[in-house]
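Read the structure below first, then the notes.
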Amino acid sequence: ISYPGCAAQLFFFLFLITAECSLLTVMAYDRYVAICKALHYGTLLGSRACAHMAAAAWGSAFLHAVLHTANTFSIPICKGNALDQFFCEIPQVLKLSCSDSDLREVGILVVTACLYLGCFVFLVVSYVQILRAMLRIPSEQGRHKAFSTCFPHLAVVSLYVSTAIFAYLKPPSISSPSLDLVVSFLYSVVPPSVNPLIYSMRNKELKDSLKRLI
(Lines give C-alpha, C1' and ligand atoms only; values in the text may rest on other atoms or scores of the structure.)
Protein backbone atom coordinates (compact mmCIF):
# COMPACT_ATOMS: atom_id res chain seq x y z
CA ILE A 1 0.00 0.00 0.00
CA SER A 2 1.22 3.54 -0.67
CA TYR A 3 2.31 5.85 2.14
CA PRO A 4 -0.54 8.39 1.64
CA GLY A 5 -3.05 5.56 1.20
CA CYS A 6 -1.97 3.94 4.46
CA ALA A 7 -2.17 7.28 6.30
CA ALA A 8 -5.67 7.93 4.95
CA GLN A 9 -6.81 4.41 5.80
CA LEU A 10 -5.47 4.68 9.36
CA PHE A 11 -7.10 8.08 9.85
CA PHE A 12 -10.55 6.92 8.72
CA PHE A 13 -10.31 3.69 10.71
CA LEU A 14 -9.47 5.59 13.91
CA PHE A 15 -12.05 8.27 13.18
CA LEU A 16 -14.90 5.80 12.64
CA ILE A 17 -14.06 3.44 15.50
CA THR A 18 -13.68 6.35 17.95
CA ALA A 19 -16.91 7.94 16.69
CA GLU A 20 -18.70 4.64 17.29
CA CYS A 21 -17.42 4.52 20.86
CA SER A 22 -18.48 8.13 21.48
CA LEU A 23 -21.92 7.64 19.93
CA LEU A 24 -22.50 4.48 21.97
CA THR A 25 -21.74 6.54 25.07
CA VAL A 26 -24.21 9.22 23.98
CA MET A 27 -26.84 6.53 23.33
CA ALA A 28 -26.29 5.16 26.85
CA TYR A 29 -27.15 8.60 28.20
CA ASP A 30 -30.24 8.60 25.97
CA ARG A 31 -31.37 5.28 27.49
CA TYR A 32 -30.64 6.57 30.99
CA VAL A 33 -32.78 9.67 30.50
CA ALA A 34 -35.57 7.68 28.78
CA ILE A 35 -35.89 5.26 31.73
CA CYS A 36 -34.68 7.16 34.80
CA LYS A 37 -35.91 10.65 33.92
CA ALA A 38 -38.70 9.95 31.46
CA LEU A 39 -40.73 13.04 32.40
CA HIS A 40 -37.77 15.31 31.60
CA TYR A 41 -36.75 13.56 28.37
CA GLY A 42 -37.93 16.35 26.08
CA THR A 43 -36.11 18.97 28.16
CA LEU A 44 -32.82 17.11 28.66
CA LEU A 45 -32.61 15.69 25.14
CA GLY A 46 -34.04 18.35 22.89
CA SER A 47 -32.84 18.87 19.35
CA ARG A 48 -30.15 21.34 20.43
CA ALA A 49 -28.77 19.01 23.12
CA CYS A 50 -28.69 16.11 20.65
CA ALA A 51 -26.87 18.25 18.07
CA HIS A 52 -24.28 19.30 20.67
CA MET A 53 -23.65 15.72 21.81
CA ALA A 54 -23.36 14.47 18.23
CA ALA A 55 -20.94 17.28 17.39
CA ALA A 56 -18.87 16.47 20.48
CA ALA A 57 -18.77 12.78 19.52
CA TRP A 58 -17.67 13.43 15.93
CA GLY A 59 -15.30 16.22 17.00
CA SER A 60 -13.51 14.09 19.60
CA ALA A 61 -13.22 11.27 17.06
CA PHE A 62 -11.69 13.65 14.51
CA LEU A 63 -9.13 15.04 16.98
CA HIS A 64 -8.24 11.54 18.20
CA ALA A 65 -7.71 10.32 14.64
CA VAL A 66 -5.63 13.36 13.65
CA LEU A 67 -3.45 13.07 16.77
CA HIS A 68 -2.67 9.39 16.29
CA THR A 69 -2.23 9.53 12.52
CA ALA A 70 0.16 12.49 12.72
CA ASN A 71 2.08 10.89 15.59
CA THR A 72 2.37 7.52 13.84
CA PHE A 73 3.50 8.88 10.47
CA SER A 74 5.96 11.39 11.91
CA ILE A 75 8.43 8.55 12.49
CA PRO A 76 10.84 7.47 9.74
CA ILE A 77 9.85 4.21 8.02
CA CYS A 78 12.65 2.20 6.45
CA LYS A 79 11.53 -1.44 6.52
CA GLY A 80 9.46 -1.53 3.35
CA ASN A 81 5.71 -1.15 3.00
CA ALA A 82 4.45 -4.71 3.60
CA LEU A 83 2.12 -5.14 6.60
CA ASP A 84 1.08 -8.40 8.28
CA GLN A 85 -2.49 -7.14 8.28
CA PHE A 86 -5.31 -6.51 5.82
CA PHE A 87 -5.45 -2.80 6.73
CA CYS A 88 -3.12 -0.16 8.19
CA GLU A 89 -3.06 -0.43 11.97
CA ILE A 90 -0.83 1.52 14.35
CA PRO A 91 1.12 -1.46 15.83
CA GLN A 92 1.79 -2.82 12.33
CA VAL A 93 2.98 0.57 11.03
CA LEU A 94 5.29 1.05 14.03
CA LYS A 95 6.95 -2.29 13.23
CA LEU A 96 8.23 -0.69 10.00
CA SER A 97 9.96 2.11 11.89
CA CYS A 98 13.75 2.27 11.88
CA SER A 99 13.82 4.18 15.17
CA ASP A 100 12.83 3.22 18.68
CA SER A 101 9.03 3.60 18.77
CA ASP A 102 8.38 2.16 22.24
CA LEU A 103 7.86 5.59 23.82
CA ARG A 104 5.46 6.64 21.05
CA GLU A 105 3.52 3.41 21.43
CA VAL A 106 3.19 3.95 25.19
CA GLY A 107 1.97 7.51 24.63
CA ILE A 108 -0.59 6.32 22.09
CA LEU A 109 -1.81 3.62 24.46
CA VAL A 110 -2.17 6.08 27.37
CA VAL A 111 -4.21 8.61 25.35
CA THR A 112 -6.40 5.89 23.84
CA ALA A 113 -6.88 4.15 27.19
CA CYS A 114 -8.01 7.41 28.84
CA LEU A 115 -10.57 8.07 26.10
CA TYR A 116 -12.01 4.57 26.00
CA LEU A 117 -11.88 4.13 29.77
CA GLY A 118 -13.91 7.31 30.17
CA CYS A 119 -16.54 6.00 27.74
CA PHE A 120 -16.57 2.61 29.47
CA VAL A 121 -17.01 4.10 32.96
CA PHE A 122 -19.86 6.30 31.71
CA LEU A 123 -21.54 3.26 30.12
CA VAL A 124 -21.24 1.20 33.30
CA VAL A 125 -22.54 4.00 35.54
CA SER A 126 -25.46 4.64 33.16
CA TYR A 127 -26.52 1.01 33.09
CA VAL A 128 -26.17 0.61 36.86
CA GLN A 129 -28.63 3.50 37.27
CA ILE A 130 -30.89 2.01 34.58
CA LEU A 131 -30.87 -1.39 36.30
CA ARG A 132 -31.76 0.18 39.64
CA ALA A 133 -34.62 2.07 38.02
CA MET A 134 -35.87 -1.08 36.25
CA LEU A 135 -35.95 -3.03 39.51
CA ARG A 136 -38.18 -0.33 41.01
CA ILE A 137 -40.77 -0.66 38.22
CA PRO A 138 -43.75 -2.48 39.80
CA SER A 139 -45.24 -4.12 36.70
CA GLU A 140 -43.61 -6.91 34.72
CA GLN A 141 -44.80 -5.32 31.49
CA GLY A 142 -43.06 -2.06 32.40
CA ARG A 143 -39.80 -3.88 33.19
CA HIS A 144 -40.02 -5.80 29.90
CA LYS A 145 -40.56 -2.57 27.96
CA ALA A 146 -37.57 -0.92 29.67
CA PHE A 147 -35.39 -3.96 28.97
CA SER A 148 -36.41 -4.08 25.31
CA THR A 149 -35.45 -0.40 25.04
CA CYS A 150 -31.93 -1.10 26.30
CA PHE A 151 -31.24 -4.56 24.86
CA PRO A 152 -30.15 -3.58 21.29
CA HIS A 153 -27.75 -0.94 22.58
CA LEU A 154 -26.40 -3.26 25.28
CA ALA A 155 -25.85 -6.03 22.71
CA VAL A 156 -23.92 -3.70 20.39
CA VAL A 157 -21.80 -2.38 23.29
CA SER A 158 -21.01 -5.92 24.47
CA LEU A 159 -19.97 -7.00 20.96
CA TYR A 160 -17.84 -3.88 20.45
CA VAL A 161 -16.10 -4.10 23.85
CA SER A 162 -15.52 -7.87 23.86
CA THR A 163 -13.90 -7.96 20.41
CA ALA A 164 -11.72 -4.89 21.12
CA ILE A 165 -10.58 -6.27 24.49
CA PHE A 166 -9.66 -9.62 22.96
CA ALA A 167 -7.82 -7.88 20.11
CA TYR A 168 -5.65 -5.62 22.27
CA LEU A 169 -5.42 -7.42 25.63
CA LYS A 170 -4.91 -11.02 24.53
CA PRO A 171 -1.79 -12.70 26.02
CA PRO A 172 1.32 -12.37 23.83
CA SER A 173 1.85 -16.14 24.17
CA ILE A 174 -1.16 -16.87 21.93
CA SER A 175 -0.41 -14.11 19.43
CA SER A 176 0.38 -15.06 15.84
CA PRO A 177 0.04 -13.28 12.45
CA SER A 178 -2.92 -15.47 11.43
CA LEU A 179 -4.71 -14.98 14.76
CA ASP A 180 -4.06 -11.22 14.69
CA LEU A 181 -5.62 -11.13 11.22
CA VAL A 182 -8.75 -12.99 12.36
CA VAL A 183 -9.13 -10.88 15.51
CA SER A 184 -8.71 -7.63 13.56
CA PHE A 185 -11.42 -8.79 11.17
CA LEU A 186 -13.70 -9.55 14.14
CA TYR A 187 -13.47 -6.12 15.77
CA SER A 188 -13.25 -3.99 12.63
CA VAL A 189 -15.79 -5.69 10.35
CA VAL A 190 -18.18 -7.82 12.40
CA PRO A 191 -19.62 -5.19 14.84
CA PRO A 192 -20.49 -2.61 12.12
CA SER A 193 -22.00 -5.37 9.97
CA VAL A 194 -24.13 -6.81 12.78
CA ASN A 195 -25.24 -3.44 14.25
CA PRO A 196 -28.11 -2.83 11.77
CA LEU A 197 -29.48 -6.32 12.39
CA ILE A 198 -29.37 -5.91 16.17
CA TYR A 199 -31.07 -2.51 16.09
CA SER A 200 -33.71 -3.87 13.72
CA MET A 201 -34.72 -6.71 16.05
CA ARG A 202 -37.42 -4.51 17.58
CA ASN A 203 -38.98 -4.12 14.14
CA LYS A 204 -42.07 -6.35 14.07
CA GLU A 205 -41.96 -6.89 10.32
CA LEU A 206 -38.35 -8.06 10.46
CA LYS A 207 -39.08 -10.44 13.34
CA ASP A 208 -42.03 -11.90 11.44
CA SER A 209 -39.84 -12.40 8.36
CA LEU A 210 -37.17 -14.17 10.42
CA LYS A 211 -39.77 -16.45 11.98
CA ARG A 212 -41.02 -17.39 8.52
CA LEU A 213 -37.46 -18.16 7.38
CA ILE A 214 -36.78 -20.29 10.46
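Every chain in the C-alpha coordinates has a letter given in the order shown (A, B, ...), and although residue numbers restart at 1 in each chain, ligands are simply numbered from 1 in the order shown.
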
Contacts of Cys50 in chain A at 9 Å or less, counting only C-alpha atoms, minus same-chain residues fewer than 5 places along, as a count of residues only?
3

Just asking: which residues within range 17-54 of chain A are alpha helix (DSSP H) according to DSSP, as number ranges by chain?
A: 17-36, 41-44, 47-54

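A straight line drawn from CA of Ala57 in chain A to CA of Tyr3 in chain A is 28.2 Å long.
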
Residues near range 153-159 of chain A, cut-off 12 Å, only C-alpha atoms, skip fewer than 4 positions along chain, as a CSV table (one decimal) with all heavy atoms, in the first residue's frame:
```
chain,number,residue,atom,x,y,z
A,20,GLU,N,-17.8,5.7,16.8
A,20,GLU,CA,-18.7,4.6,17.3
A,20,GLU,C,-18.7,4.5,18.8
A,20,GLU,O,-19.8,4.5,19.4
A,20,GLU,CB,-18.4,3.3,16.7
A,20,GLU,CG,-19.3,2.2,17.1
A,20,GLU,CD,-19.1,0.9,16.4
A,20,GLU,OE1,-18.0,0.7,15.8
A,20,GLU,OE2,-19.9,0.0,16.5
A,21,CYS,N,-17.5,4.6,19.4
A,21,CYS,CA,-17.4,4.5,20.9
A,21,CYS,C,-18.1,5.7,21.5
A,21,CYS,O,-18.9,5.6,22.5
A,21,CYS,CB,-16.0,4.5,21.3
A,21,CYS,SG,-15.7,4.5,23.1
A,22,SER,N,-17.9,6.9,20.9
A,22,SER,CA,-18.5,8.1,21.5
A,22,SER,C,-20.0,8.1,21.3
A,22,SER,O,-20.7,8.5,22.2
A,22,SER,CB,-17.9,9.4,20.8
A,22,SER,OG,-16.5,9.4,20.9
A,23,LEU,N,-20.5,7.7,20.2
A,23,LEU,CA,-21.9,7.6,19.9
A,23,LEU,C,-22.6,6.6,20.8
A,23,LEU,O,-23.7,6.8,21.3
A,23,LEU,CB,-22.2,7.4,18.4
A,23,LEU,CG,-21.8,8.5,17.5
A,23,LEU,CD1,-22.0,8.1,16.1
A,23,LEU,CD2,-22.7,9.8,17.8
A,24,LEU,N,-21.9,5.5,21.1
A,24,LEU,CA,-22.5,4.5,22.0
A,24,LEU,C,-22.6,5.0,23.4
A,24,LEU,O,-23.6,4.7,24.1
A,24,LEU,CB,-21.6,3.2,22.0
A,24,LEU,CG,-21.7,2.3,20.8
A,24,LEU,CD1,-20.7,1.2,20.8
A,24,LEU,CD2,-23.1,1.7,20.6
A,25,THR,N,-21.7,5.9,23.8
A,25,THR,CA,-21.7,6.5,25.1
A,25,THR,C,-22.9,7.5,25.1
A,25,THR,O,-23.6,7.6,26.1
A,25,THR,CB,-20.4,7.3,25.4
A,25,THR,OG1,-19.3,6.4,25.2
A,25,THR,CG2,-20.4,7.8,26.8
A,26,VAL,N,-23.1,8.3,24.1
A,26,VAL,CA,-24.2,9.2,24.0
A,26,VAL,C,-25.5,8.5,24.0
A,26,VAL,O,-26.5,8.9,24.7
A,26,VAL,CB,-24.1,10.1,22.7
A,26,VAL,CG1,-25.4,10.9,22.5
A,26,VAL,CG2,-22.9,11.0,22.8
A,27,MET,N,-25.6,7.3,23.3
A,27,MET,CA,-26.8,6.5,23.3
A,27,MET,C,-27.1,5.9,24.7
A,27,MET,O,-28.3,5.8,25.1
A,27,MET,CB,-26.7,5.4,22.3
A,27,MET,CG,-26.7,5.9,20.9
A,27,MET,SD,-26.3,4.7,19.6
A,27,MET,CE,-27.8,3.6,19.8
A,28,ALA,N,-26.1,5.6,25.5
A,28,ALA,CA,-26.3,5.2,26.9
A,28,ALA,C,-27.0,6.2,27.7
A,28,ALA,O,-27.8,6.0,28.5
A,28,ALA,CB,-24.9,4.7,27.5
A,29,TYR,N,-26.5,7.5,27.5
A,29,TYR,CA,-27.1,8.6,28.2
A,29,TYR,C,-28.6,8.8,27.8
A,29,TYR,O,-29.5,9.0,28.6
A,29,TYR,CB,-26.4,9.9,27.9
A,29,TYR,CG,-27.0,11.1,28.6
A,29,TYR,CD1,-27.0,11.3,30.0
A,29,TYR,CD2,-27.5,12.1,27.8
A,29,TYR,CE1,-27.5,12.4,30.6
A,29,TYR,CE2,-28.1,13.2,28.4
A,29,TYR,CZ,-28.1,13.4,29.8
A,29,TYR,OH,-28.6,14.5,30.4
A,30,ASP,N,-28.9,8.5,26.5
A,30,ASP,CA,-30.2,8.6,26.0
A,30,ASP,C,-31.1,7.6,26.7
A,30,ASP,O,-32.2,7.9,27.1
A,30,ASP,CB,-30.2,8.4,24.5
A,30,ASP,CG,-31.6,8.3,23.9
A,30,ASP,OD1,-32.3,9.3,23.8
A,30,ASP,OD2,-32.1,7.1,23.6
A,31,ARG,N,-30.6,6.3,26.8
A,31,ARG,CA,-31.4,5.3,27.5
A,31,ARG,C,-31.6,5.6,29.0
A,31,ARG,O,-32.6,5.4,29.5
A,31,ARG,CB,-30.6,3.9,27.4
A,31,ARG,CG,-31.0,3.0,26.2
A,31,ARG,CD,-31.0,3.7,24.9
A,31,ARG,NE,-31.2,2.8,23.8
A,31,ARG,CZ,-31.1,3.2,22.5
A,31,ARG,NH1,-30.8,4.4,22.3
A,31,ARG,NH2,-31.3,2.3,21.6
A,32,TYR,N,-30.5,6.2,29.6
A,32,TYR,CA,-30.6,6.6,31.0
A,32,TYR,C,-31.7,7.6,31.2
A,32,TYR,O,-32.6,7.5,32.1
A,32,TYR,CB,-29.3,7.1,31.5
A,32,TYR,CG,-29.4,7.9,32.8
A,32,TYR,CD1,-29.5,7.2,34.0
A,32,TYR,CD2,-29.3,9.3,32.8
A,32,TYR,CE1,-29.6,7.9,35.2
A,32,TYR,CE2,-29.4,10.0,34.0
A,32,TYR,CZ,-29.5,9.3,35.1
A,32,TYR,OH,-29.6,10.0,36.3
A,119,CYS,N,-15.3,6.5,28.3
A,119,CYS,CA,-16.5,6.0,27.7
A,119,CYS,C,-17.1,4.8,28.5
A,119,CYS,O,-18.3,4.7,28.7
A,119,CYS,CB,-16.3,5.7,26.3
A,119,CYS,SG,-16.0,7.1,25.2
A,120,PHE,N,-16.2,3.8,28.8
A,120,PHE,CA,-16.6,2.6,29.5
A,120,PHE,C,-17.2,2.9,30.9
A,120,PHE,O,-18.2,2.3,31.2
A,120,PHE,CB,-15.4,1.7,29.6
A,120,PHE,CG,-15.7,0.3,30.2
A,120,PHE,CD1,-16.4,-0.6,29.5
A,120,PHE,CD2,-15.3,0.1,31.5
A,120,PHE,CE1,-16.7,-1.8,30.1
A,120,PHE,CE2,-15.6,-1.2,32.1
A,120,PHE,CZ,-16.3,-2.1,31.4
A,123,LEU,N,-20.6,4.3,30.5
A,123,LEU,CA,-21.5,3.3,30.1
A,123,LEU,C,-21.9,2.4,31.3
A,123,LEU,O,-23.1,2.1,31.5
A,123,LEU,CB,-20.9,2.4,29.0
A,123,LEU,CG,-20.8,2.9,27.6
A,123,LEU,CD1,-19.9,2.1,26.8
A,123,LEU,CD2,-22.2,2.9,27.0
A,124,VAL,N,-21.0,2.0,32.1
A,124,VAL,CA,-21.2,1.2,33.3
A,124,VAL,C,-22.1,2.0,34.3
A,124,VAL,O,-23.1,1.4,34.8
A,124,VAL,CB,-19.9,0.7,34.0
A,124,VAL,CG1,-20.2,0.1,35.3
A,124,VAL,CG2,-19.2,-0.2,33.1
A,126,SER,N,-24.1,4.5,33.7
A,126,SER,CA,-25.5,4.6,33.2
A,126,SER,C,-26.3,3.4,33.3
A,126,SER,O,-27.5,3.5,33.7
A,126,SER,CB,-25.4,5.0,31.7
A,126,SER,OG,-24.7,6.2,31.5
A,127,TYR,N,-25.7,2.2,33.0
A,127,TYR,CA,-26.5,1.0,33.1
A,127,TYR,C,-26.8,0.5,34.5
A,127,TYR,O,-27.7,-0.2,34.8
A,127,TYR,CB,-25.9,-0.1,32.2
A,127,TYR,CG,-26.4,0.0,30.8
A,127,TYR,CD1,-25.6,0.5,29.8
A,127,TYR,CD2,-27.6,-0.5,30.5
A,127,TYR,CE1,-26.1,0.6,28.5
A,127,TYR,CE2,-28.1,-0.4,29.2
A,127,TYR,CZ,-27.4,0.2,28.2
A,127,TYR,OH,-27.9,0.3,27.0
A,130,ILE,N,-29.7,2.6,35.3
A,130,ILE,CA,-30.9,2.0,34.6
A,130,ILE,C,-31.4,0.7,35.2
A,130,ILE,O,-32.6,0.5,35.4
A,130,ILE,CB,-30.5,1.7,33.1
A,130,ILE,CG1,-30.3,3.1,32.4
A,130,ILE,CG2,-31.5,0.9,32.4
A,130,ILE,CD1,-29.7,2.9,31.0
A,147,PHE,N,-36.5,-3.1,29.4
A,147,PHE,CA,-35.4,-4.0,29.0
A,147,PHE,C,-35.3,-4.0,27.4
A,147,PHE,O,-34.2,-4.0,26.9
A,147,PHE,CB,-35.6,-5.4,29.5
A,147,PHE,CG,-34.6,-6.4,29.1
A,147,PHE,CD1,-33.3,-6.4,29.6
A,147,PHE,CD2,-34.8,-7.3,28.0
A,147,PHE,CE1,-32.3,-7.3,29.2
A,147,PHE,CE2,-33.9,-8.2,27.6
A,147,PHE,CZ,-32.6,-8.2,28.2
A,148,SER,N,-36.4,-4.0,26.8
A,148,SER,CA,-36.4,-4.1,25.3
A,148,SER,C,-35.9,-2.8,24.7
A,148,SER,O,-35.3,-2.8,23.6
A,148,SER,CB,-37.8,-4.4,24.8
A,148,SER,OG,-38.7,-3.3,25.1
A,149,THR,N,-36.0,-1.7,25.5
A,149,THR,CA,-35.5,-0.4,25.0
A,149,THR,C,-33.9,-0.4,25.1
A,149,THR,O,-33.3,0.1,24.2
A,149,THR,CB,-36.0,0.7,25.9
A,149,THR,OG1,-37.4,0.8,25.8
A,149,THR,CG2,-35.4,2.1,25.5
A,163,THR,N,-14.8,-7.7,21.5
A,163,THR,CA,-13.9,-8.0,20.4
A,163,THR,C,-12.7,-7.1,20.5
A,163,THR,O,-11.5,-7.5,20.3
A,163,THR,CB,-14.6,-7.7,19.0
A,163,THR,OG1,-15.2,-6.4,19.1
A,163,THR,CG2,-15.6,-8.8,18.8
A,164,ALA,N,-12.9,-5.8,21.0
A,164,ALA,CA,-11.7,-4.9,21.1
A,164,ALA,C,-10.8,-5.3,22.3
A,164,ALA,O,-9.6,-5.3,22.1
A,164,ALA,CB,-12.2,-3.5,21.4
A,165,ILE,N,-11.4,-5.8,23.4
A,165,ILE,CA,-10.6,-6.3,24.5
A,165,ILE,C,-9.8,-7.5,24.1
A,165,ILE,O,-8.6,-7.6,24.4
A,165,ILE,CB,-11.5,-6.6,25.7
A,165,ILE,CG1,-12.0,-5.3,26.4
A,165,ILE,CG2,-10.7,-7.5,26.7
A,165,ILE,CD1,-12.9,-5.5,27.5
A,166,PHE,N,-10.4,-8.4,23.4
A,166,PHE,CA,-9.7,-9.6,23.0
A,166,PHE,C,-8.6,-9.3,22.0
A,166,PHE,O,-7.5,-9.8,22.0
A,166,PHE,CB,-10.6,-10.6,22.3
A,166,PHE,CG,-9.9,-11.9,22.0
A,166,PHE,CD1,-9.6,-12.8,23.0
A,166,PHE,CD2,-9.6,-12.2,20.7
A,166,PHE,CE1,-8.9,-14.0,22.6
A,166,PHE,CE2,-9.0,-13.4,20.3
A,166,PHE,CZ,-8.7,-14.3,21.3
A,186,LEU,N,-12.6,-9.5,13.2
A,186,LEU,CA,-13.7,-9.5,14.1
A,186,LEU,C,-14.1,-8.2,14.7
A,186,LEU,O,-15.3,-7.8,14.7
A,186,LEU,CB,-13.4,-10.5,15.3
A,186,LEU,CG,-13.4,-12.0,15.0
A,186,LEU,CD1,-13.0,-12.8,16.2
A,186,LEU,CD2,-14.8,-12.4,14.6
A,187,TYR,N,-13.1,-7.4,15.1
A,187,TYR,CA,-13.5,-6.1,15.8
A,187,TYR,C,-13.6,-5.0,14.8
A,187,TYR,O,-14.3,-4.0,15.1
A,187,TYR,CB,-12.5,-5.8,16.9
A,187,TYR,CG,-11.2,-5.1,16.5
A,187,TYR,CD1,-11.2,-3.7,16.2
A,187,TYR,CD2,-10.0,-5.8,16.3
A,187,TYR,CE1,-10.0,-3.1,15.8
A,187,TYR,CE2,-8.8,-5.2,16.0
A,187,TYR,CZ,-8.8,-3.9,15.7
A,187,TYR,OH,-7.7,-3.2,15.3
A,188,SER,N,-13.1,-5.1,13.6
A,188,SER,CA,-13.2,-4.0,12.6
A,188,SER,C,-14.4,-4.2,11.6
A,188,SER,O,-14.9,-3.2,11.1
A,188,SER,CB,-11.9,-3.8,11.9
A,188,SER,OG,-11.6,-4.9,11.1
A,189,VAL,N,-14.8,-5.4,11.4
A,189,VAL,CA,-15.8,-5.7,10.3
A,189,VAL,C,-17.1,-6.2,10.9
A,189,VAL,O,-18.2,-5.8,10.6
A,189,VAL,CB,-15.2,-6.7,9.3
A,189,VAL,CG1,-16.3,-7.1,8.3
A,189,VAL,CG2,-14.0,-6.1,8.6
A,190,VAL,N,-17.0,-7.2,11.9
A,190,VAL,CA,-18.2,-7.8,12.4
A,190,VAL,C,-19.1,-6.9,13.1
A,190,VAL,O,-20.3,-6.8,12.8
A,190,VAL,CB,-17.8,-9.0,13.3
A,190,VAL,CG1,-19.0,-9.6,14.0
A,190,VAL,CG2,-17.1,-10.1,12.5
A,191,PRO,N,-18.7,-6.1,14.1
A,191,PRO,CA,-19.6,-5.2,14.8
A,191,PRO,C,-20.4,-4.2,13.9
A,191,PRO,O,-21.6,-4.1,14.0
A,191,PRO,CB,-18.7,-4.4,15.9
A,191,PRO,CG,-17.6,-5.4,16.1
A,191,PRO,CD,-17.3,-6.0,14.8
A,192,PRO,N,-19.7,-3.5,13.0
A,192,PRO,CA,-20.5,-2.6,12.1
A,192,PRO,C,-21.5,-3.4,11.2
A,192,PRO,O,-22.5,-2.8,10.9
A,192,PRO,CB,-19.4,-1.9,11.3
A,192,PRO,CG,-18.2,-2.0,12.1
A,192,PRO,CD,-18.3,-3.3,12.8
A,193,SER,N,-21.1,-4.6,10.8
A,193,SER,CA,-22.0,-5.4,10.0
A,193,SER,C,-23.2,-5.9,10.7
A,193,SER,O,-24.3,-6.0,10.1
A,193,SER,CB,-21.2,-6.6,9.4
A,193,SER,OG,-20.1,-6.1,8.7
A,194,VAL,N,-23.0,-6.2,12.0
A,194,VAL,CA,-24.1,-6.8,12.8
A,194,VAL,C,-25.0,-5.7,13.4
A,194,VAL,O,-26.2,-6.0,13.7
A,194,VAL,CB,-23.5,-7.7,13.9
A,194,VAL,CG1,-24.6,-8.3,14.8
A,194,VAL,CG2,-22.8,-8.9,13.2
A,195,ASN,N,-24.5,-4.5,13.6
A,195,ASN,CA,-25.2,-3.4,14.2
A,195,ASN,C,-26.6,-3.2,13.6
A,195,ASN,O,-27.6,-3.2,14.4
A,195,ASN,CB,-24.5,-2.1,14.2
A,195,ASN,CG,-23.3,-2.1,15.2
A,195,ASN,OD1,-23.1,-3.1,16.0
A,195,ASN,ND2,-22.6,-1.1,15.2
A,196,PRO,N,-26.8,-3.1,12.3
A,196,PRO,CA,-28.1,-2.8,11.8
A,196,PRO,C,-29.1,-4.0,12.1
A,196,PRO,O,-30.3,-3.7,12.3
A,196,PRO,CB,-27.9,-2.7,10.3
A,196,PRO,CG,-26.4,-2.3,10.1
A,196,PRO,CD,-25.7,-3.0,11.3
A,197,LEU,N,-28.6,-5.2,12.1
A,197,LEU,CA,-29.5,-6.3,12.4
A,197,LEU,C,-29.9,-6.3,13.8
A,197,LEU,O,-31.1,-6.5,14.1
A,197,LEU,CB,-28.7,-7.6,12.1
A,197,LEU,CG,-29.5,-8.9,12.4
A,197,LEU,CD1,-30.8,-9.0,11.5
A,197,LEU,CD2,-28.7,-10.1,12.2
A,198,ILE,N,-29.0,-6.0,14.7
A,198,ILE,CA,-29.4,-5.9,16.2
A,198,ILE,C,-30.4,-4.8,16.4
A,198,ILE,O,-31.4,-5.0,17.1
A,198,ILE,CB,-28.1,-5.7,17.0
A,198,ILE,CG1,-27.2,-6.9,16.9
A,198,ILE,CG2,-28.5,-5.4,18.5
A,198,ILE,CD1,-25.9,-6.7,17.7
A,199,TYR,N,-30.1,-3.6,15.9
A,199,TYR,CA,-31.1,-2.5,16.1
A,199,TYR,C,-32.4,-2.7,15.4
A,199,TYR,O,-33.4,-2.1,15.8
A,199,TYR,CB,-30.4,-1.2,15.6
A,199,TYR,CG,-29.4,-0.7,16.5
A,199,TYR,CD1,-28.1,-0.4,16.1
A,199,TYR,CD2,-29.7,-0.4,17.9
A,199,TYR,CE1,-27.1,0.1,17.0
A,199,TYR,CE2,-28.7,0.1,18.7
A,199,TYR,CZ,-27.5,0.3,18.3
A,199,TYR,OH,-26.5,0.8,19.1
A,200,SER,N,-32.5,-3.6,14.4
A,200,SER,CA,-33.7,-3.9,13.7
A,200,SER,C,-34.5,-5.0,14.4
A,200,SER,O,-35.7,-5.2,13.9
A,200,SER,CB,-33.4,-4.3,12.3
A,200,SER,OG,-32.7,-3.3,11.6
A,201,MET,N,-34.0,-5.6,15.4
A,201,MET,CA,-34.7,-6.7,16.0
A,201,MET,C,-36.0,-6.3,16.7
A,201,MET,O,-36.9,-7.1,17.0
A,201,MET,CB,-33.8,-7.4,17.1
A,201,MET,CG,-32.7,-8.2,16.4
A,201,MET,SD,-33.2,-9.4,15.1
A,201,MET,CE,-34.2,-10.5,16.1
A,202,ARG,N,-36.2,-5.0,17.0
A,202,ARG,CA,-37.4,-4.5,17.6
A,202,ARG,C,-38.5,-4.3,16.5
A,202,ARG,O,-39.6,-4.0,16.8
A,202,ARG,CB,-37.2,-3.2,18.4
A,202,ARG,CG,-36.3,-3.4,19.6
A,202,ARG,CD,-36.2,-2.2,20.4
A,202,ARG,NE,-37.5,-1.8,21.0
A,202,ARG,CZ,-37.8,-0.6,21.5
A,202,ARG,NH1,-36.9,0.3,21.6
A,202,ARG,NH2,-39.0,-0.4,22.0
```

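Distances here use only C-alpha atoms; by that measure, the residue among A:Lys37, A:Ala61, A:Cys6, A:Ala19 closest to Gln129 in chain A is A:Lys37.
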
Quick one: distance from CA of Phe15 in chain A to CA of Leu115 in chain A in Å, one decimal?
13.0 Å

Rank nothing, just name the residue among A:Leu179, A:Cys98, A:Val111, A:Val125 nearest to His68 in chain A, using only C-alpha atoms.
A:Val111

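Across the structure, CA of Ala56 in chain A and CA of Leu14 in chain A are spaced 15.8 Å apart.
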
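Taking only C-alpha atoms, the non-local environment of Phe87 in chain A within 10 Å (same-chain residues fewer than 4 positions away omitted) comprises Ile1, Cys6, Gln9, Leu10, Phe13, Leu83, Gln92, Leu181, Ser184, Phe185 and Ser188 of chain A.
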